Amino acid sequence: MDIAGLIEQFCIPIIAVVCFCVCFAIKKTGIVKDNYIPIISITLGGISGLIMNGLTYEAVATGIASGALAIGVHQIYKQLNKDDGYTIA
């Protein structure tokens, strides 16, 4: 299998990882408010989808979904590791 086939096959995870890493770096540096990080992730995902798959609606939708996936995975991790003070008796 060639490189282009691999990139096309794993497009969504690649974009999601890129969005997650960029947004994580933005959050740690404090360049922008945390409120804007989901918007940045979705926009970056849409642009990445266009770059990887060409100028189609499907590419934009794939990229946007991948950017949203990155934010969702982060929120799941954050909520699972949150200590609410509740204990199971």
# chains A, B, ... in the order shown; residues from 1 in each chain; ligands from 1

call {"tool": "residues_around", "arguments": {"residues": "stretch 44-49 of chain A", "least_positions_apart": "3", "cutoff": "9 Å", "atoms": "only C-alpha atoms", "output": "PyMOL selection string"}}
result
chain A and resi 11-12+15-16+18-19+22+39-41+52-55+58-68

call {"tool": "select_by_dssp", "arguments": {"residues": "stretch 45-86 of chain A", "states": "alpha helix (DSSP H)", "output": "PyMOL selection string"}}
result
chain A and resi 45-53+57-80

call {"tool": "write_last_selection", "arguments": {"atoms": "N, CA and C atoms", "output": "mmCIF file, in the first residue's frame"}}
result
data_model
loop_
_atom_site.group_PDB
_atom_site.id
_atom_site.type_symbol
_atom_site.label_atom_id
_atom_site.label_comp_id
_atom_site.auth_asym_id
_atom_site.auth_seq_id
_atom_site.Cartn_x
_atom_site.Cartn_y
_atom_site.Cartn_z
ATOM 1 N N GLY A 45 -9.476 21.621 12.082
ATOM 2 C CA GLY A 45 -9.901 20.348 11.498
ATOM 3 C C GLY A 45 -10.459 20.519 10.100
ATOM 4 N N GLY A 46 -11.294 21.534 9.902
ATOM 5 C CA GLY A 46 -11.851 21.793 8.569
ATOM 6 C C GLY A 46 -10.772 22.125 7.553
ATOM 7 N N ILE A 47 -9.826 22.953 7.950
ATOM 8 C CA ILE A 47 -8.721 23.318 7.049
ATOM 9 C C ILE A 47 -7.842 22.097 6.763
ATOM 10 N N SER A 48 -7.576 21.298 7.788
ATOM 11 C CA SER A 48 -6.773 20.079 7.591
ATOM 12 C C SER A 48 -7.475 19.095 6.665
ATOM 13 N N GLY A 49 -8.775 18.989 6.793
ATOM 14 C CA GLY A 49 -9.539 18.122 5.897
ATOM 15 C C GLY A 49 -9.438 18.575 4.456
ATOM 16 N N LEU A 50 -9.492 19.885 4.247
ATOM 17 C CA LEU A 50 -9.335 20.417 2.893
ATOM 18 C C LEU A 50 -7.949 20.124 2.333
ATOM 19 N N ILE A 51 -6.936 20.282 3.173
ATOM 20 C CA ILE A 51 -5.566 20.044 2.719
ATOM 21 C C ILE A 51 -5.345 18.572 2.384
ATOM 22 N N MET A 52 -5.877 17.687 3.218
ATOM 23 C CA MET A 52 -5.621 16.257 3.023
ATOM 24 C C MET A 52 -6.483 15.629 1.942
ATOM 25 N N ASN A 53 -7.719 16.100 1.764
ATOM 26 C CA ASN A 53 -8.656 15.426 0.859
ATOM 27 C C ASN A 53 -9.110 16.256 -0.329
ATOM 28 N N TYR A 57 -17.005 19.125 -0.090
ATOM 29 C CA TYR A 57 -17.794 19.263 1.131
ATOM 30 C C TYR A 57 -17.499 18.119 2.101
ATOM 31 N N GLU A 58 -17.273 16.940 1.543
ATOM 32 C CA GLU A 58 -16.965 15.783 2.380
ATOM 33 C C GLU A 58 -15.660 15.987 3.150
ATOM 34 N N ALA A 59 -14.678 16.615 2.513
ATOM 35 C CA ALA A 59 -13.394 16.877 3.174
ATOM 36 C C ALA A 59 -13.581 17.845 4.338
ATOM 37 N N VAL A 60 -14.388 18.884 4.120
ATOM 38 C CA VAL A 60 -14.644 19.853 5.187
ATOM 39 C C VAL A 60 -15.398 19.194 6.334
ATOM 40 N N ALA A 61 -16.414 18.400 6.003
ATOM 41 C CA ALA A 61 -17.201 17.725 7.044
ATOM 42 C C ALA A 61 -16.342 16.744 7.825
ATOM 43 N N THR A 62 -15.469 16.019 7.137
ATOM 44 C CA THR A 62 -14.564 15.085 7.808
ATOM 45 C C THR A 62 -13.627 15.831 8.748
ATOM 46 N N GLY A 63 -13.084 16.942 8.288
ATOM 47 C CA GLY A 63 -12.177 17.735 9.113
ATOM 48 C C GLY A 63 -12.861 18.325 10.331
ATOM 49 N N ILE A 64 -14.059 18.856 10.136
ATOM 50 C CA ILE A 64 -14.808 19.433 11.254
ATOM 51 C C ILE A 64 -15.143 18.353 12.287
ATOM 52 N N ALA A 65 -15.564 17.186 11.804
ATOM 53 C CA ALA A 65 -15.865 16.085 12.726
ATOM 54 C C ALA A 65 -14.610 15.643 13.486
ATOM 55 N N SER A 66 -13.475 15.651 12.809
ATOM 56 C CA SER A 66 -12.223 15.265 13.462
ATOM 57 C C SER A 66 -11.820 16.285 14.523
ATOM 58 N N GLY A 67 -11.997 17.577 14.237
ATOM 59 C CA GLY A 67 -11.706 18.607 15.228
ATOM 60 C C GLY A 67 -12.610 18.497 16.440
ATOM 61 N N ALA A 68 -13.880 18.198 16.189
ATOM 62 C CA ALA A 68 -14.821 18.012 17.296
ATOM 63 C C ALA A 68 -14.484 16.749 18.090
ATOM 64 N N LEU A 69 -14.009 15.721 17.399
ATOM 65 C CA LEU A 69 -13.586 14.490 18.071
ATOM 66 C C LEU A 69 -12.442 14.763 19.034
ATOM 67 N N ALA A 70 -11.502 15.599 18.640
ATOM 68 C CA ALA A 70 -10.367 15.929 19.503
ATOM 69 C C ALA A 70 -10.843 16.603 20.791
ATOM 70 N N ILE A 71 -11.784 17.512 20.673
ATOM 71 C CA ILE A 71 -12.319 18.199 21.852
ATOM 72 C C ILE A 71 -13.112 17.218 22.718
ATOM 73 N N GLY A 72 -13.890 16.351 22.087
ATOM 74 C CA GLY A 72 -14.678 15.380 22.841
ATOM 75 C C GLY A 72 -13.818 14.403 23.619
ATOM 76 N N VAL A 73 -12.756 13.921 23.003
ATOM 77 C CA VAL A 73 -11.849 12.994 23.689
ATOM 78 C C VAL A 73 -11.204 13.683 24.886
ATOM 79 N N HIS A 74 -10.809 14.931 24.712
ATOM 80 C CA HIS A 74 -10.204 15.675 25.816
ATOM 81 C C HIS A 74 -11.201 15.850 26.961
ATOM 82 N N GLN A 75 -12.434 16.163 26.641
ATOM 83 C CA GLN A 75 -13.437 16.367 27.678
ATOM 84 C C GLN A 75 -13.769 15.071 28.414
ATOM 85 N N ILE A 76 -13.819 13.962 27.690
ATOM 86 C CA ILE A 76 -14.059 12.671 28.346
ATOM 87 C C ILE A 76 -12.929 12.369 29.323
ATOM 88 N N TYR A 77 -11.690 12.555 28.876
ATOM 89 C CA TYR A 77 -10.527 12.324 29.748
ATOM 90 C C TYR A 77 -10.588 13.235 30.973
ATOM 91 N N LYS A 78 -10.924 14.488 30.747
ATOM 92 C CA LYS A 78 -10.976 15.467 31.833
ATOM 93 C C LYS A 78 -12.063 15.110 32.851
ATOM 94 N N GLN A 79 -13.228 14.716 32.364
ATOM 95 C CA GLN A 79 -14.334 14.396 33.264
ATOM 96 C C GLN A 79 -14.096 13.091 34.031
ATOM 97 N N LEU A 80 -13.452 12.114 33.400
ATOM 98 C CA LEU A 80 -13.176 10.865 34.090
ATOM 99 C C LEU A 80 -12.128 11.017 35.185
#

call {"tool": "atom_distance", "arguments": {"atom1": "atom CA of A:Asn81", "atom2": "atom CA of A:Phe24"}}
result
16.7 Å
